[in-house]
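Structure below is input.cif: mmCIF, C-alpha atoms and all ligand atoms.
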data_coords
#
loop_
_atom_site.label_atom_id
_atom_site.label_comp_id
_atom_site.auth_asym_id
_atom_site.auth_seq_id
_atom_site.Cartn_x
_atom_site.Cartn_y
_atom_site.Cartn_z
CA MET A 1 15.91 5.22 -8.10
CA SER A 2 16.13 7.80 -5.32
CA TYR A 3 13.02 8.66 -3.31
CA ASP A 4 10.90 11.53 -4.66
CA LYS A 5 9.55 13.46 -1.67
CA ASN A 6 6.86 15.01 -3.89
CA ASN A 7 5.15 11.75 -4.85
CA ILE A 8 1.44 11.67 -4.09
CA PHE A 9 1.69 9.23 -1.17
CA ALA A 10 4.39 11.35 0.48
CA LYS A 11 1.91 14.25 0.26
CA ILE A 12 -0.82 12.09 1.82
CA LEU A 13 1.56 11.12 4.64
CA ARG A 14 2.35 14.79 5.28
CA GLY A 15 -1.37 15.59 5.33
CA GLU A 16 -1.05 17.87 2.30
CA ILE A 17 -3.75 16.00 0.44
CA PRO A 18 -6.62 14.02 2.00
CA CYS A 19 -7.23 10.30 2.00
CA LYS A 20 -10.00 8.01 3.22
CA LYS A 21 -8.09 6.41 6.07
CA VAL A 22 -8.71 2.77 7.00
CA TYR A 23 -5.93 2.25 9.56
CA GLU A 24 -2.84 3.96 10.93
CA ASN A 25 -0.11 3.18 13.42
CA LYS A 26 3.41 4.50 14.04
CA ASP A 27 4.87 2.78 10.97
CA VAL A 28 2.00 2.26 8.54
CA LEU A 29 -0.95 4.03 6.88
CA ALA A 30 -3.81 2.35 5.00
CA PHE A 31 -6.39 4.18 2.90
CA HIS A 32 -8.89 3.58 0.10
CA ASP A 33 -7.56 3.75 -3.45
CA ILE A 34 -8.93 6.81 -5.26
CA ASN A 35 -9.81 4.68 -8.30
CA PRO A 36 -10.93 1.31 -6.89
CA GLN A 37 -10.48 -1.68 -9.18
CA LYS A 38 -12.61 -4.01 -7.03
CA LYS A 39 -15.47 -3.58 -4.53
CA VAL A 40 -12.82 -3.07 -1.85
CA HIS A 41 -9.45 -1.64 -2.85
CA VAL A 42 -7.21 -0.42 -0.05
CA LEU A 43 -3.56 0.67 -0.17
CA VAL A 44 -1.19 -0.13 2.69
CA ILE A 45 2.00 1.93 2.83
CA PRO A 46 4.96 2.29 5.17
CA LYS A 47 5.50 5.76 6.63
CA GLY A 48 9.21 5.57 5.83
CA GLU A 49 10.59 6.78 2.51
CA TYR A 50 10.88 3.64 0.36
CA VAL A 51 10.45 3.60 -3.40
CA ASP A 52 9.32 0.00 -3.72
CA LEU A 53 9.48 -3.43 -2.09
CA ASP A 54 13.11 -4.01 -3.05
CA ASP A 55 14.17 -0.65 -1.61
CA PHE A 56 12.18 -1.45 1.54
CA ASN A 57 13.69 -4.91 2.00
CA ASN A 58 17.19 -3.48 1.48
CA LYS A 59 16.88 -0.48 3.80
CA ALA A 60 14.02 -0.81 6.28
CA SER A 61 14.48 -1.96 9.86
CA ASP A 62 13.26 -5.40 10.87
CA LYS A 63 10.53 -3.68 12.90
CA GLU A 64 9.28 -1.73 9.87
CA ILE A 65 9.22 -4.92 7.80
CA VAL A 66 7.29 -6.82 10.45
CA GLU A 67 4.86 -3.93 11.01
CA LEU A 68 4.04 -3.57 7.32
CA ASN A 69 3.43 -7.30 6.93
CA LYS A 70 1.25 -7.44 10.03
CA ALA A 71 -0.68 -4.39 8.84
CA VAL A 72 -1.60 -6.16 5.59
CA THR A 73 -3.34 -8.91 7.58
CA HIS A 74 -4.88 -6.45 10.03
CA VAL A 75 -6.27 -4.24 7.26
CA ALA A 76 -7.60 -7.27 5.36
CA ASN A 77 -9.51 -8.19 8.52
CA LEU A 78 -10.87 -4.64 8.80
CA MET A 79 -11.97 -4.93 5.14
CA GLY A 80 -14.02 -8.01 6.08
CA SER A 81 -11.86 -10.25 3.93
CA LYS A 82 -10.75 -12.68 6.64
CA ASP A 83 -13.05 -15.55 5.64
CA LYS A 84 -13.43 -15.17 1.88
CA GLY A 85 -9.90 -13.99 1.15
CA TYR A 86 -8.41 -11.16 -0.85
CA ARG A 87 -5.43 -10.34 -3.05
CA ALA A 88 -2.35 -8.45 -1.86
CA LEU A 89 -0.19 -7.12 -4.67
CA THR A 90 2.69 -4.72 -5.04
CA ASN A 91 3.97 -3.35 -8.34
CA ILE A 92 7.69 -2.69 -8.71
CA GLY A 93 9.21 -0.42 -11.34
CA SER A 94 8.16 0.20 -14.92
CA ASP A 95 7.79 -3.44 -16.03
CA GLY A 96 5.78 -4.05 -12.84
CA GLY A 97 3.44 -1.17 -13.73
CA GLN A 98 4.24 0.94 -10.67
CA GLU A 99 2.92 4.50 -11.01
CA VAL A 100 3.46 5.96 -7.56
CA PRO A 101 7.09 5.65 -6.40
CA HIS A 102 6.36 5.00 -2.72
CA LEU A 103 5.99 1.35 -1.70
CA HIS A 104 2.35 0.30 -1.45
CA PHE A 105 0.45 -2.95 -1.22
CA HIS A 106 -2.87 -3.06 -3.01
CA LEU A 107 -5.46 -5.09 -1.11
CA PHE A 108 -8.37 -6.16 -3.34
CA GLY A 109 -11.45 -7.87 -1.93
CA GLY A 110 -15.16 -7.78 -1.27
CA GLU A 111 -15.76 -9.94 -4.37
CA LYS A 112 -13.93 -12.47 -6.55
CA VAL A 113 -10.76 -10.73 -7.66
CA GLY A 114 -10.35 -12.71 -10.90
CA LYS A 115 -7.38 -13.49 -13.10
CA MET A 116 -3.99 -12.78 -11.56
CA VAL A 117 -2.34 -11.28 -14.65
CA GLU A 118 -3.97 -9.81 -17.74
P1 LIG B 1 0.60 1.61 -8.77
O1 LIG B 1 0.23 1.63 -10.23
O2 LIG B 1 1.72 2.56 -8.46
O3 LIG B 1 0.83 0.22 -8.23
O4 LIG B 1 -0.70 2.09 -8.00
C1 LIG B 1 -0.94 3.42 -7.66
C2 LIG B 1 -2.35 3.49 -7.13
O5 LIG B 1 -2.50 4.74 -6.46
C3 LIG B 1 -3.43 3.44 -8.20
O6 LIG B 1 -4.31 2.34 -7.93
C4 LIG B 1 -4.14 4.79 -8.08
O7 LIG B 1 -5.53 4.71 -8.29
C5 LIG B 1 -3.80 5.21 -6.67
N1 LIG B 1 -3.75 6.65 -6.47
C6 LIG B 1 -3.13 7.59 -7.26
N2 LIG B 1 -3.29 8.81 -6.76
C7 LIG B 1 -4.01 8.67 -5.61
C8 LIG B 1 -4.48 9.61 -4.64
O8 LIG B 1 -4.28 10.81 -4.72
N3 LIG B 1 -5.18 9.09 -3.60
C9 LIG B 1 -5.44 7.76 -3.47
N4 LIG B 1 -6.12 7.36 -2.41
N5 LIG B 1 -5.00 6.85 -4.37
C10 LIG B 1 -4.30 7.30 -5.43
#
Is it possible to express this structure as structure tokens?
Amino acid sequence: MSYDKNNIFAKILRGEIPCKKVYENKDVLAFHDINPQKKVHVLVIPKGEYVDLDDFNNKASDKEIVELNKAVTHVANLMGSKDKGYRALTNIGSDGGQEVPHLHFHLFGGEKVGKMVE
């Protein structure tokens, strides 16, 4: 699938629609999910144009890959999830249930997250 520059996260990255920012650096943006599924539900996305994790792993630079992974841990700490833990999850494609075609990690925490798969 080619990258759709009009997806909602691309618009957030361009500042065309607002988000509740948690963290940002040169390569990564993290913000609260608009429809939180747990007490804390934050999305961590790369700033580069990648459809999903497979696209990212195939095309991103080593630096981008390292920065995104480090940001997951950093944001989890900002969420206060360092001691009690959290769940990091990324959906890929239609069977994976991905709705927004820009790679994002969901970080769920602040309470017991529950069953892994419904
Ligand atoms: P997916 O199903 O693609 O893994 O997850 C997409 C997530 O994006 C959903 O949890 C949904 O609530 C969130 N989302 C969709 N539109 C917006 C938006 O405009 N702003 C924010 N912050 N989150 C959004």
Q.
I want to know what sits within 9 Å of Lys38 of chain A, based on all atoms listed in the file, with residues of the same chain fewer than 6 positions away left out; could you give that as a PyMOL selection string?
A. chain A and resi 108-113
**Q.** Selected residue of minimal separation from Gly96 of chain A among A:Asn77, A:Val117, A:Asn6, A:Leu13, counting only C-alpha atoms
**A.**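 Closest to Gly96 of chain A of all the choices is A:Val117.
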Counting all atoms listed in the file, give me one row per residue of chain A with an atom at most 6 Å from an atom of ligand LIG 1 (chain B), showing the shortest contact pair and its distance in Å to one decimal, sorted by chain then residue number, as a tab-separated table.
residue	atom	partner	partner_atom	distance
A:Ile8	CA	B:LIG1	O8	5.8
A:Cys19	CA	B:LIG1	N4	5.4
A:His32	CA	B:LIG1	N4	5.3
A:Asp33	CA	B:LIG1	N4	4.0
A:Ile34	CA	B:LIG1	N5	4.0
A:Asn35	CA	B:LIG1	O7	4.3
A:Asn91	CA	B:LIG1	O3	4.8
A:Gly97	CA	B:LIG1	O1	5.5
A:Gln98	CA	B:LIG1	O2	3.7
A:Glu99	CA	B:LIG1	O2	3.4
A:Val100	CA	B:LIG1	O2	3.9
Q. Quick one: residues within 10 Å of Asp55 of chain A, all atoms listed in the file counted, chain neighbours fewer than 5 positions away excluded, as a ChimeraX atom specification?
A. /A:1-3,49-50,60,92,102-103
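Note that atom CA of Glu24 of chain A and atom CA of Leu89 of chain A are 19.3 Å apart.
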Q: For atom CA of Ala10 of chain A and atom CA of Asp95 of chain A, quote the distance in Å rounded to one decimal.
A: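 Spanning atom CA of Ala10 of chain A to atom CA of Asp95 of chain A is a straight-line distance of 22.4 Å.
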Q. Out of A:Leu53, A:Ile17, A:Val44, A:Leu29, which residue has the shortest atom-to-atom distance to Gly93 of chain A when counting all atoms listed in the file?
A. A:Leu53
Q: Kindly extract all protein, DNA and RNA residues lying within 8 Å of the coordinates (1.6, 2.4, 11.8) given in the file, considering only C-alpha atoms, and supply them as a list in words.
A: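 Collected hits near the coordinates: Tyr23, Glu24, Asn25, Lys26, Asp27, Val28, Leu29, Pro46, Lys47, Glu67, Leu68 and Ala71 of chain A.
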Produce a file of the selected residues containing C-alpha atoms, as a CSV table (one decimal), keeping the file's coordinate frame.
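Here's the written file part-v5.csv:
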chain,number,residue,atom,x,y,z
A,23,TYR,CA,-5.9,2.2,9.6
A,24,GLU,CA,-2.8,4.0,10.9
A,25,ASN,CA,-0.1,3.2,13.4
A,26,LYS,CA,3.4,4.5,14.0
A,27,ASP,CA,4.9,2.8,11.0
A,28,VAL,CA,2.0,2.3,8.5
A,29,LEU,CA,-1.0,4.0,6.9
A,46,PRO,CA,5.0,2.3,5.2
A,47,LYS,CA,5.5,5.8,6.6
A,67,GLU,CA,4.9,-3.9,11.0
A,68,LEU,CA,4.0,-3.6,7.3
A,71,ALA,CA,-0.7,-4.4,8.8
Q. Interatomic distance between atom CA of Val42 of chain A and atom CA of Ala30 of chain A?
A. 6.7 Å
Size and centre in Å, one decimal, axis-aligned box, all listed segment 93-109 of chain A atoms plus 8 Å per side, as JSON:
{"center_x": -1.1, "center_y": -1.0, "center_z": -8.6, "size_x": 36.7, "size_y": 29.8, "size_z": 30.9}
(Q) Can you pull out the residues contacting Ala88 of chain A? Cut-off 7 Å, using all atoms listed in the file, and skip same-chain residues under 2 positions away; I want them as a ChimeraX atom specification. (A) /A:86,105-108
Q | Selected residue, from A:His74, A:Asp4, A:His104, A:Gly80, that lies nearest to Val40 of chain A when counting only C-alpha atoms | A |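 Using only C-alpha atoms, Val40 of chain A sits closest to A:Gly80.
Using all atoms listed in the file, the smallest distance between any of A:Arg87, A:Lys20, A:Asp62, A:Phe9 and Lys115 of chain A comes from A:Arg87.
Between Gly114 of chain A and the candidates A:Val51, A:Ser81, A:Gln37, A:Asn7, the tightest atom-to-atom separation, counting all atoms listed in the file, involves A:Gln37.
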